[in-house]
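**Q** Just work09.cif, nothing more (mmCIF, C-alpha atoms and all ligand atoms):
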```cif
data_target
#
loop_
_atom_site.label_atom_id
_atom_site.label_comp_id
_atom_site.auth_asym_id
_atom_site.auth_seq_id
_atom_site.Cartn_x
_atom_site.Cartn_y
_atom_site.Cartn_z
CA MET A 1 -110.81 17.28 -136.61
CA GLU A 2 -109.51 19.70 -134.02
CA ILE A 3 -105.77 19.48 -133.42
CA PRO A 4 -104.49 20.20 -129.90
CA ARG A 5 -101.87 22.92 -129.73
CA HIS A 6 -100.05 20.97 -127.00
CA LEU A 7 -100.30 17.19 -126.67
CA ALA A 8 -98.93 15.42 -123.58
CA VAL A 9 -98.57 11.64 -123.47
CA ILE A 10 -97.99 9.12 -120.69
CA MET A 11 -96.37 6.36 -122.73
CA ASP A 12 -97.31 3.31 -120.69
CA GLY A 13 -97.39 -0.45 -121.23
CA ASN A 14 -93.99 -1.23 -122.78
CA GLY A 15 -93.26 -3.88 -120.15
CA ARG A 16 -96.63 -5.60 -120.56
CA TRP A 17 -96.29 -5.54 -124.35
CA ALA A 18 -92.99 -7.45 -123.98
CA GLU A 19 -94.11 -9.81 -121.22
CA LYS A 20 -97.11 -10.88 -123.27
CA ARG A 21 -94.68 -11.93 -126.00
CA ARG A 22 -92.27 -13.58 -123.54
CA LEU A 23 -89.65 -10.96 -124.36
CA PRO A 24 -87.49 -9.03 -121.89
CA ARG A 25 -89.03 -5.71 -120.76
CA ILE A 26 -86.34 -3.75 -122.57
CA ALA A 27 -87.59 -5.20 -125.86
CA GLY A 28 -90.84 -3.40 -125.05
CA HIS A 29 -89.00 -0.13 -124.44
CA ARG A 30 -87.18 -0.56 -127.74
CA GLU A 31 -90.49 -1.10 -129.53
CA GLY A 32 -91.87 1.92 -127.64
CA ALA A 33 -89.12 4.09 -129.12
CA LYS A 34 -90.51 3.25 -132.57
CA SER A 35 -93.92 4.51 -131.45
CA VAL A 36 -92.28 7.76 -130.35
CA ARG A 37 -90.98 8.32 -133.86
CA ARG A 38 -94.35 7.42 -135.46
CA VAL A 39 -96.44 9.57 -133.14
CA VAL A 40 -94.08 12.55 -133.18
CA GLU A 41 -93.93 12.59 -136.97
CA GLU A 42 -97.70 12.26 -137.29
CA CYS A 43 -98.15 15.14 -134.83
CA ARG A 44 -95.82 17.25 -136.96
CA ARG A 45 -97.83 16.41 -140.10
CA LEU A 46 -101.10 17.27 -138.35
CA GLY A 47 -99.79 20.61 -137.11
CA VAL A 48 -99.48 20.02 -133.36
CA GLY A 49 -97.28 22.76 -131.90
CA TYR A 50 -95.93 21.03 -128.79
CA VAL A 51 -95.59 17.36 -127.88
CA THR A 52 -94.50 16.40 -124.36
CA LEU A 53 -93.73 12.75 -123.65
CA TYR A 54 -93.35 11.17 -120.21
CA ALA A 55 -90.32 8.96 -120.73
CA PHE A 56 -88.91 8.37 -117.23
CA SER A 57 -90.36 9.39 -113.87
CA THR A 58 -88.67 10.23 -110.57
CA GLU A 59 -90.27 7.01 -109.26
CA ASN A 60 -88.85 4.97 -112.16
CA TRP A 61 -85.38 5.33 -110.54
CA GLY A 62 -86.60 2.62 -108.15
CA ARG A 63 -86.83 -0.02 -110.91
CA PRO A 64 -84.17 -2.75 -111.15
CA ARG A 65 -80.78 -1.30 -112.02
CA SER A 66 -80.55 -3.34 -115.20
CA GLU A 67 -83.79 -1.84 -116.53
CA VAL A 68 -82.79 1.72 -115.57
CA GLU A 69 -79.41 1.31 -117.27
CA ALA A 70 -80.98 -0.16 -120.39
CA LEU A 71 -83.44 2.76 -120.55
CA MET A 72 -80.60 5.27 -120.27
CA ARG A 73 -78.69 3.54 -123.06
CA LEU A 74 -81.83 3.50 -125.20
CA LEU A 75 -82.28 7.24 -124.61
CA VAL A 76 -78.75 8.03 -125.82
CA GLN A 77 -79.18 5.78 -128.84
CA PHE A 78 -82.57 7.32 -129.64
CA LEU A 79 -81.24 10.88 -129.50
CA GLU A 80 -78.20 10.06 -131.64
CA GLN A 81 -80.32 8.31 -134.24
CA GLU A 82 -83.30 10.62 -134.31
CA THR A 83 -81.83 14.12 -134.02
CA PRO A 84 -81.00 14.51 -137.74
CA ARG A 85 -84.52 13.34 -138.60
CA MET A 86 -86.04 15.72 -136.08
CA ILE A 87 -84.06 18.62 -137.54
CA SER A 88 -85.11 17.81 -141.10
CA ASN A 89 -88.72 17.79 -139.86
CA GLY A 90 -88.30 21.18 -138.16
CA ILE A 91 -88.62 19.73 -134.66
CA ARG A 92 -86.89 21.43 -131.74
CA PHE A 93 -85.84 19.07 -128.97
CA ASN A 94 -86.32 19.97 -125.31
CA ALA A 95 -86.14 18.09 -122.00
CA ILE A 96 -87.71 18.67 -118.57
CA GLY A 97 -87.16 17.02 -115.20
CA ASP A 98 -84.33 16.70 -112.71
CA LEU A 99 -81.77 16.18 -115.45
CA GLU A 100 -78.85 16.39 -113.00
CA ARG A 101 -79.71 12.89 -111.82
CA LEU A 102 -79.17 11.43 -115.30
CA PRO A 103 -75.87 9.77 -116.20
CA ASP A 104 -73.34 12.02 -117.97
CA SER A 105 -73.78 10.21 -121.28
CA ALA A 106 -77.52 10.97 -121.27
CA ARG A 107 -76.99 14.61 -120.27
CA ARG A 108 -74.47 15.08 -123.04
CA ALA A 109 -76.83 13.55 -125.60
CA ILE A 110 -79.65 15.83 -124.40
CA ASP A 111 -77.50 18.97 -124.60
CA LYS A 112 -76.33 18.02 -128.06
CA ALA A 113 -79.85 17.36 -129.38
CA ARG A 114 -81.07 20.64 -127.86
CA ASP A 115 -78.22 22.65 -129.35
CA ARG A 116 -78.40 21.09 -132.78
CA SER A 117 -82.16 21.57 -133.10
CA ALA A 118 -82.28 25.01 -131.45
CA ASP A 119 -83.26 26.85 -134.67
CA CYS A 120 -86.13 24.52 -135.61
CA ARG A 121 -89.50 26.24 -135.59
CA GLY A 122 -92.03 23.61 -136.74
CA MET A 123 -92.78 21.89 -133.43
CA VAL A 124 -91.32 21.48 -129.95
CA LEU A 125 -90.75 17.93 -128.70
CA THR A 126 -90.19 17.77 -124.94
CA LEU A 127 -89.09 14.58 -123.19
CA ALA A 128 -89.87 14.38 -119.47
CA LEU A 129 -86.88 12.56 -117.98
CA SER A 130 -86.27 11.95 -114.31
CA TYR A 131 -89.46 13.96 -114.12
CA GLY A 132 -92.01 14.19 -111.31
CA GLY A 133 -94.70 16.84 -111.02
CA ARG A 134 -94.14 17.23 -107.29
CA ASP A 135 -90.39 17.39 -107.72
CA GLU A 136 -90.79 20.06 -110.42
CA ILE A 137 -92.97 22.18 -108.11
CA VAL A 138 -90.48 21.74 -105.24
CA ARG A 139 -87.60 22.88 -107.46
CA ALA A 140 -89.65 25.88 -108.66
CA VAL A 141 -90.39 26.87 -105.06
CA ARG A 142 -86.68 26.65 -104.24
CA ARG A 143 -85.89 28.96 -107.17
CA ILE A 144 -88.48 31.46 -105.98
CA ALA A 145 -87.18 31.27 -102.39
CA ALA A 146 -83.65 31.99 -103.63
CA GLU A 147 -84.91 35.00 -105.61
CA ILE A 148 -86.61 36.35 -102.51
CA GLN A 149 -83.47 35.80 -100.46
CA GLU A 150 -81.48 37.72 -103.08
CA ARG A 151 -84.15 40.45 -102.93
CA ARG A 152 -85.00 40.08 -106.61
CA LEU A 153 -88.60 39.18 -105.70
CA ASN A 154 -91.11 40.00 -102.95
CA PRO A 155 -93.67 37.51 -101.58
CA PRO A 156 -96.64 39.53 -102.96
CA ASP A 157 -95.17 39.06 -106.46
CA ILE A 158 -95.91 35.35 -106.25
CA ASP A 159 -99.01 34.41 -108.22
CA ALA A 160 -100.00 31.49 -110.44
CA ALA A 161 -98.34 33.03 -113.49
CA LEU A 162 -95.07 33.54 -111.63
CA LEU A 163 -95.00 30.04 -110.18
CA GLY A 164 -95.88 28.63 -113.62
CA SER A 165 -92.99 30.54 -115.16
CA ARG A 166 -90.50 29.01 -112.70
CA LEU A 167 -91.55 25.44 -113.56
CA ASP A 168 -89.49 23.44 -116.06
CA THR A 169 -92.32 24.07 -118.54
CA GLY A 170 -92.14 27.86 -118.06
CA ASP A 171 -91.88 28.45 -121.81
CA LEU A 172 -94.58 25.94 -122.86
CA PRO A 173 -98.36 26.46 -122.98
CA ASP A 174 -100.46 24.13 -120.83
CA PRO A 175 -101.39 20.83 -122.54
CA ASP A 176 -104.77 20.79 -124.27
CA LEU A 177 -104.90 17.02 -124.39
CA LEU A 178 -103.35 14.25 -122.29
CA ILE A 179 -103.27 10.71 -123.67
CA ARG A 180 -102.36 7.73 -121.47
CA THR A 181 -101.96 4.32 -123.07
CA SER A 182 -102.30 0.76 -121.72
CA GLY A 183 -105.65 1.20 -119.97
CA GLU A 184 -104.32 2.78 -116.75
CA LYS A 185 -106.29 5.81 -115.65
CA ARG A 186 -104.07 7.89 -113.44
CA ILE A 187 -101.63 10.81 -113.65
CA SER A 188 -98.63 9.08 -112.03
CA ASN A 189 -97.03 12.40 -111.03
CA PHE A 190 -97.00 13.87 -114.56
CA LEU A 191 -97.48 17.65 -115.12
CA LEU A 192 -99.59 18.09 -111.97
CA TRP A 193 -99.79 21.86 -112.28
CA GLN A 194 -100.09 22.09 -116.06
CA LEU A 195 -102.90 19.55 -116.53
CA ALA A 196 -105.40 21.65 -114.53
CA TYR A 197 -107.77 22.01 -117.52
CA SER A 198 -106.46 19.47 -120.01
CA GLU A 199 -108.81 16.99 -121.66
CA MET A 200 -107.84 13.38 -120.99
CA VAL A 201 -108.12 10.40 -123.32
CA PHE A 202 -107.24 6.91 -122.12
CA SER A 203 -106.33 4.35 -124.75
CA GLU A 204 -106.54 0.61 -124.08
CA VAL A 205 -103.60 -0.33 -126.31
CA THR A 206 -100.05 -0.47 -124.98
CA TRP A 207 -97.58 2.20 -126.09
CA PRO A 208 -95.74 -0.04 -128.62
CA GLU A 209 -99.11 -0.70 -130.29
CA PHE A 210 -100.08 2.99 -130.40
CA GLY A 211 -99.76 4.47 -133.89
CA GLU A 212 -101.21 6.98 -136.32
CA ALA A 213 -104.74 5.49 -136.22
CA GLU A 214 -104.91 5.56 -132.40
CA LEU A 215 -103.57 9.13 -132.38
CA ARG A 216 -106.22 10.28 -134.84
CA ALA A 217 -108.92 8.52 -132.81
CA ALA A 218 -107.76 10.42 -129.72
CA PHE A 219 -107.85 13.72 -131.63
CA GLU A 220 -111.37 12.88 -132.86
CA GLU A 221 -112.46 12.33 -129.29
CA PHE A 222 -110.75 15.57 -128.25
CA SER A 223 -112.68 17.36 -131.01
CA ARG A 224 -115.98 16.19 -129.49
CA ARG A 225 -115.17 17.54 -126.02
CA GLN A 226 -116.55 20.82 -124.83
CA ARG A 227 -113.97 22.71 -122.80
CA ARG A 228 -115.53 25.11 -120.32
CA PHE A 229 -112.68 26.15 -117.99
CA GLY A 230 -115.15 26.55 -115.14
CA LEU A 231 -117.40 28.89 -117.11
CA THR A 232 -120.81 28.33 -118.66
CA ALA A 233 -121.07 26.81 -122.11
CA ALA A 234 -122.33 30.04 -123.65
CA ALA A 235 -119.61 32.25 -122.17
CA PRO A 236 -118.24 34.58 -124.82
CA GLU A 237 -114.50 34.53 -125.56
CA GLU A 238 -113.89 37.80 -123.67
CA SER A 239 -115.19 36.50 -120.36
CA ARG A 240 -113.19 33.31 -120.89
CA SER A 241 -109.91 35.13 -121.18
CA ALA A 242 -110.89 37.48 -118.35
CA ALA A 243 -111.35 34.45 -116.10
CA GLY A 244 -107.69 33.62 -115.94
CA ARG A 245 -104.85 31.99 -117.77
CA LEU A 246 -106.67 29.83 -120.27
CA SER A 247 -104.59 29.73 -123.39
C1 LIG B 301 -93.70 2.77 -119.76
O1 LIG B 301 -93.84 1.40 -119.80
C2 LIG B 301 -92.26 3.22 -119.92
C3 LIG B 301 -91.62 3.63 -118.66
C4 LIG B 301 -92.22 3.84 -117.53
C5 LIG B 301 -90.20 3.86 -118.70
P1 LIG B 301 -93.71 0.51 -118.50
O2 LIG B 301 -92.29 0.06 -118.36
O3 LIG B 301 -94.29 1.20 -117.32
O4 LIG B 301 -94.62 -0.74 -118.90
P2 LIG B 301 -95.65 -1.50 -117.96
O5 LIG B 301 -96.57 -0.49 -117.39
O6 LIG B 301 -94.83 -2.17 -116.91
O7 LIG B 301 -96.34 -2.45 -118.87
C1 LIG B 302 -95.59 6.49 -115.73
O1 LIG B 302 -95.71 5.12 -115.91
C2 LIG B 302 -94.21 6.94 -116.08
C3 LIG B 302 -93.87 6.91 -117.50
C4 LIG B 302 -94.67 6.56 -118.47
C5 LIG B 302 -92.54 7.33 -117.83
P1 LIG B 302 -95.47 4.09 -114.71
O2 LIG B 302 -95.68 2.74 -115.30
O3 LIG B 302 -94.16 4.35 -114.08
O4 LIG B 302 -96.61 4.49 -113.69
P2 LIG B 302 -97.44 3.59 -112.67
O5 LIG B 302 -96.44 2.90 -111.81
O6 LIG B 302 -98.24 2.64 -113.49
O7 LIG B 302 -98.31 4.56 -111.95
MG MG B 303 -96.14 1.31 -116.53
#
```
For the structure just supplied, provide its representation as structure tokens.
Ligand code: IPE
Ligand code: IPE
Ligand code: MG

**A**
Amino acid sequence: MEIPRHLAVIMDGNGRWAEKRRLPRIAGHREGAKSVRRVVEECRRLGVGYVTLYAFSTENWGRPRSEVEALMRLLVQFLEQETPRMISNGIRFNAIGDLERLPDSARRAIDKARDRSADCRGMVLTLALSYGGRDEIVRAVRRIAAEIQERRLNPPDIDAALLGSRLDTGDLPDPDLLIRTSGEKRISNFLLWQLAYSEMVFSEVTWPEFGEAELRAAFEEFSRRQRRFGLTAAAPEESRSAAGRLS
């Protein structure tokens, strides 16, 4: 079985999982947090280098206030509970998105988890919070514009590598595999730039039902894919890397 170096996941279906059981939606989010632990730890065992999880989108701010507040509380609780476990598993915690919009309690918890796990080298876990792919690109363009204004950069310096480096994911490789749960087949504003050549696997089960077996099945499917990056199947490695930023 081939293991992706970078796995990205759109964790979807918590609300439907709960509604089907006549539970409040937040019960689904709570159950979803257990899947996060299961999937992250299985990824670590299997040797995945980077896991990036879509936890809260820029559009999710438009949900009812009670749900947004409950999600923020759950985030703080999750980070407080899980950070020691992450550290003992060698997992470095990271977050991307417009974090300034998050409540202070969440920002503090994020900073703390990042600081405490900073020396871990086994795997990088990134949570996308208040994250939108378009918003991320807009913020990157603003950074670049400011650098030009300050004369630290000239317009001809701007290329795909430079823009990529100014994104929130500047220090992460592009995802090899994207998994979305709950049967929906869309990107929903996740990693628009970075998913250019990622393989995609859509799982029918909701996120709270997604566990080790479903993860392995997705990796098996990934192993059967032939990635071509716009080249021909027989292209030797050298021409692949000459064709652009592929790794
Ligand atoms: C995904 O589950 C988690 C978040 C978006 C925060 P949903 O809350 O979107 O669950 P469904 O899609 O309504 O079932
Ligand atoms: C995407 O799920 C966002 C997260 C998983 C955090 P949504 O449930 O918000 O997306 P749509 O509304 O189905 O596109
Ligand atoms: Mg959803």

**Q** Name all residues at most 8 Å from stretch 17-31 of chain A (count only C-alpha atoms; drop same-chain ones fewer than 4 positions away) and give them as an NGL selection string.

**A** :A and (13 or 35 or 67 or 70-71 or 74 or 206 or 208)

**Q** What is the distance between atom CA of A:Asp115 and atom CA of A:Ala95, in Å to one decimal?

**A**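 Spanning atom CA of A:Asp115 to atom CA of A:Ala95 is a straight-line distance of 11.7 Å.
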
**Q** For A:Asp119, which of A:Val141, A:Met86, A:Glu204, A:Ala146 is the closest residue, counting only C-alpha atoms?

**A** A:Met86

**Q** Counting only C-alpha atoms and all ligand atoms, what are the residues, protein, DNA or RNA alike, that approach ligand LIG 301 (chain B) to within 7 Å? I want them as a list in words.

**A**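 The neighbouring residues of ligand LIG 301 (chain B) are, in order, Met11, Asp12, Gly13, Asn14, Gly15, Arg16, Trp17, His29, Ala55, Phe56, Ser57 and Asn60 of chain A.
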
**Q** Could you list, as an MDAnalysis selection string, all the residues within 12 Å of ligand LIG 302 (chain B), counting all atoms listed in the file?

**A** chainID A and resid 8:16 29 32 52:63 68 71 97 127:133 179:191 206:207

**Q** Contacts of A:Gly49 at 9 Å or less, counting only C-alpha atoms, minus same-chain residues fewer than 2 places along, as a PyMOL selection string?

**A** chain A and resi 4-7+43-44+47+51+122-125

**Q** Just write the chosen residues, C-alpha atoms, as a PDB file, in the frame of the given file.

**A**
```
ATOM      1  CA  PRO A   4    -104.490  20.200-129.900  1.00  0.00           C
ATOM      2  CA  ARG A   5    -101.870  22.920-129.730  1.00  0.00           C
ATOM      3  CA  HIS A   6    -100.050  20.970-127.000  1.00  0.00           C
ATOM      4  CA  LEU A   7    -100.300  17.190-126.670  1.00  0.00           C
ATOM      5  CA  CYS A  43     -98.150  15.140-134.830  1.00  0.00           C
ATOM      6  CA  ARG A  44     -95.820  17.250-136.960  1.00  0.00           C
ATOM      7  CA  GLY A  47     -99.790  20.610-137.110  1.00  0.00           C
ATOM      8  CA  VAL A  51     -95.590  17.360-127.880  1.00  0.00           C
ATOM      9  CA  GLY A 122     -92.030  23.610-136.740  1.00  0.00           C
ATOM     10  CA  MET A 123     -92.780  21.890-133.430  1.00  0.00           C
ATOM     11  CA  VAL A 124     -91.320  21.480-129.950  1.00  0.00           C
ATOM     12  CA  LEU A 125     -90.750  17.930-128.700  1.00  0.00           C
TER      13      LEU A 125
END
```

**Q** Enter the distance from atom CA of A:Phe229 to atom CA of A:Tyr197, in Å, rounded to one decimal.

**A**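 Atom-to-atom, atom CA of A:Phe229 to atom CA of A:Tyr197, that is 6.4 Å.
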
**Q** For A:Pro156, which residue among A:Arg65, A:Arg37, A:Ile144, A:Ala113 is the nearest when counting all atoms listed in the file?

**A**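 Nearest candidate to A:Pro156 out of A:Arg65, A:Arg37, A:Ile144, A:Ala113: A:Ile144.
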
**Q** Can you work out the spacing between atom CA of A:Arg116 and atom CA of A:Ile96 in Å, to one decimal?

**A** 17.2 Å
